[in-house]
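> Quick one: structure below, then a few questions.
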Amino acid sequence: MTARDSCARPCSRQRGSALLLTLIFMAVLARMALSAVDAALLGTSLALNYRDHDRVFHGAEALLTALDTELLANIQASGLQATLNTLPTTAVAISVPPVIRDDTGVEVLHYQVYPGDSSSAVTDLTGSASSGCAQLYHLVVQATGVRPGTQVRLGLQRHACCADSLACEAGDFDSLRRVWHRLE
């Protein structure tokens, strides 16, 4: 008998079970690798969305702070009614230049200023020695990011307390308070 004849019998009994087990094992490994890639892509997408939302939020917050500071300076320089009379009556859109857009992620900023209900409170103060408080204005800022779906709306209400109506008109406030809120 030759080596070839001795292998004929055991070799003919093999049915390919090792090959089948190897194929199943390779399919499981491929599925695990695809799941790992999906998880990594999802994590990257979540991180990018968070970064973009955070950048747009800070852009809206910076505009809100700048508008608030400018309005208070105008009130103290020109007076309350003169400043409130010059406020725009519709939403103002600010298109962000490309250089700033790339740095901040903000594409468009909108803001709207609503005069507060200070006139009735200030009128009530006429002739009284006690101080009174009223809302001066309400700011609303909306920032839209470069990526679709990235949008933030913030609001700020500025309240002031004055000794009397003349002090309020002149911008001589006893105390100032602001209330921040997120609009969704």
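Starting from 1 in every chain, residues are counted up; chains themselves are A, B, ... following the order of the structure tokens, and ligands are numbered from 1 as listed.
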Can you tell me, as a ChimeraX atom specification, what residues are no more than 9 Å from range 145-157 of chain A when counting only C-alpha atoms, ignoring any on the same chain fewer than 5 positions away?
/A:49,52-53,55-57,60-61,64-65,68,101-102,104-109,116,135-140,177-184
> Could you write out that same residue set with C-alpha atoms as a compact mmCIF listing (two decimals), in the first residue's frame?

# COMPACT_ATOMS: atom_id res chain seq x y z
CA ASN A 49 -23.34 68.02 16.58
CA ASP A 52 -21.65 72.91 16.42
CA HIS A 53 -24.54 73.48 18.82
CA ARG A 55 -20.51 77.19 19.01
CA VAL A 56 -23.87 78.51 17.81
CA PHE A 57 -25.07 78.86 21.42
CA ALA A 60 -26.07 83.82 20.20
CA GLU A 61 -25.05 84.49 23.78
CA LEU A 64 -27.31 88.95 23.31
CA THR A 65 -24.72 90.32 25.74
CA ASP A 68 -27.84 94.35 26.16
CA ARG A 101 -18.67 81.83 9.95
CA ASP A 102 -15.82 79.33 9.69
CA THR A 104 -17.88 80.34 14.98
CA GLY A 105 -20.06 77.96 12.98
CA VAL A 106 -22.83 80.60 12.94
CA GLU A 107 -24.36 81.41 9.57
CA VAL A 108 -27.19 83.82 10.37
CA LEU A 109 -28.13 85.76 13.50
CA GLY A 116 -40.82 96.43 28.17
CA GLN A 135 -39.14 95.67 32.73
CA LEU A 136 -37.15 97.91 30.38
CA TYR A 137 -36.93 95.61 27.37
CA HIS A 138 -36.90 92.01 26.21
CA LEU A 139 -34.28 90.78 23.74
CA VAL A 140 -34.67 87.66 21.62
CA ARG A 177 -31.53 92.73 36.96
CA ARG A 178 -31.53 90.50 33.93
CA VAL A 179 -33.36 87.25 33.42
CA TRP A 180 -31.94 84.81 30.85
CA HIS A 181 -34.05 82.14 29.26
CA ARG A 182 -33.70 79.67 26.46
CA LEU A 183 -36.52 79.64 23.94
CA GLU A 184 -37.29 76.35 22.21
> Considering only alpha helix (DSSP H) as DSSP defines it on the backbone, what residues of range 13-173 of chain A qualify? List them as a ChimeraX atom specification.
/A:13,17-78,80-85,98-104,118-125,165-170
> Pick out the closest residue to Thr86 in chain A from this set: A:Ala160, A:Leu67, A:Thr22, A:Pro115. Count only C-alpha atoms.
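Among the listed residues, A:Pro115 lies closest to Thr86 in chain A.
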> Calculate how many Å separate CA of Tyr114 in chain A from CA of Asp54 in chain A, rounding to one decimal.
26.0 Å
> Counting only C-alpha atoms, which of A:Ala134, A:Ile100, A:Val28, A:Val92 gets nearest to Ala163 in chain A?
A:Ala134
> Measure the distance from CA of Leu166 in chain A to CA of Pro88 in chain A in Å and round it to one decimal.
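Value for the CA of Leu166 in chain A-CA of Pro88 in chain A distance: 24.5 Å.
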> Go through A:Gln112, A:Ala36, A:Ser17, A:Thr69 one by one, measure the shortest atom-to-atom distance of each to Thr89 in chain A using only C-alpha atoms, and give the residue with the smallest value.
A:Gln112
> Here is a test: counting only C-alpha atoms, which residue of A:Thr44, A:Val141, A:Glu169, A:Leu20 is nearest to Leu84 in chain A?
A:Glu169
> So that I can see what lies close to Ser78 in chain A, please list as a list in words the residues with an atom at most 10 Å from it, counting only C-alpha atoms and leaving out residues fewer than 4 positions away in the same chain.
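The filter keeps Leu72, Ala73, Asn74, Ala82, Thr83, Leu84, Glu169, Ala170 and Gly171 of chain A.
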> Report as a PyMOL selection string: the residues of range 22-102 of chain A with a DSSP assignment of strand (DSSP E), based on the backbone of this structure.
chain A and resi 92-95
> Could the residues in this selection be written to a file with C-alpha atoms, as a PDB file, in the first residue's frame?

ATOM      1  CA  VAL A  92     -33.098  92.175  12.256  1.00  0.00           C
ATOM      2  CA  ALA A  93     -31.062  89.566  10.361  1.00  0.00           C
ATOM      3  CA  ILE A  94     -27.281  89.664  10.470  1.00  0.00           C
ATOM      4  CA  SER A  95     -25.517  87.574   7.850  1.00  0.00           C
TER       5      SER A  95
END
> If I take CA of Leu48 in chain A and CA of His110 in chain A, how far is one from the other in Å, to one decimal?
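Taking CA of Leu48 in chain A and CA of His110 in chain A, their separation equals 23.4 Å.
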> Which is closer to Val113 in chain A than all the others in A:Cys161, A:Leu87, A:Ala167, A:Ala47, using only C-alpha atoms?
A:Leu87
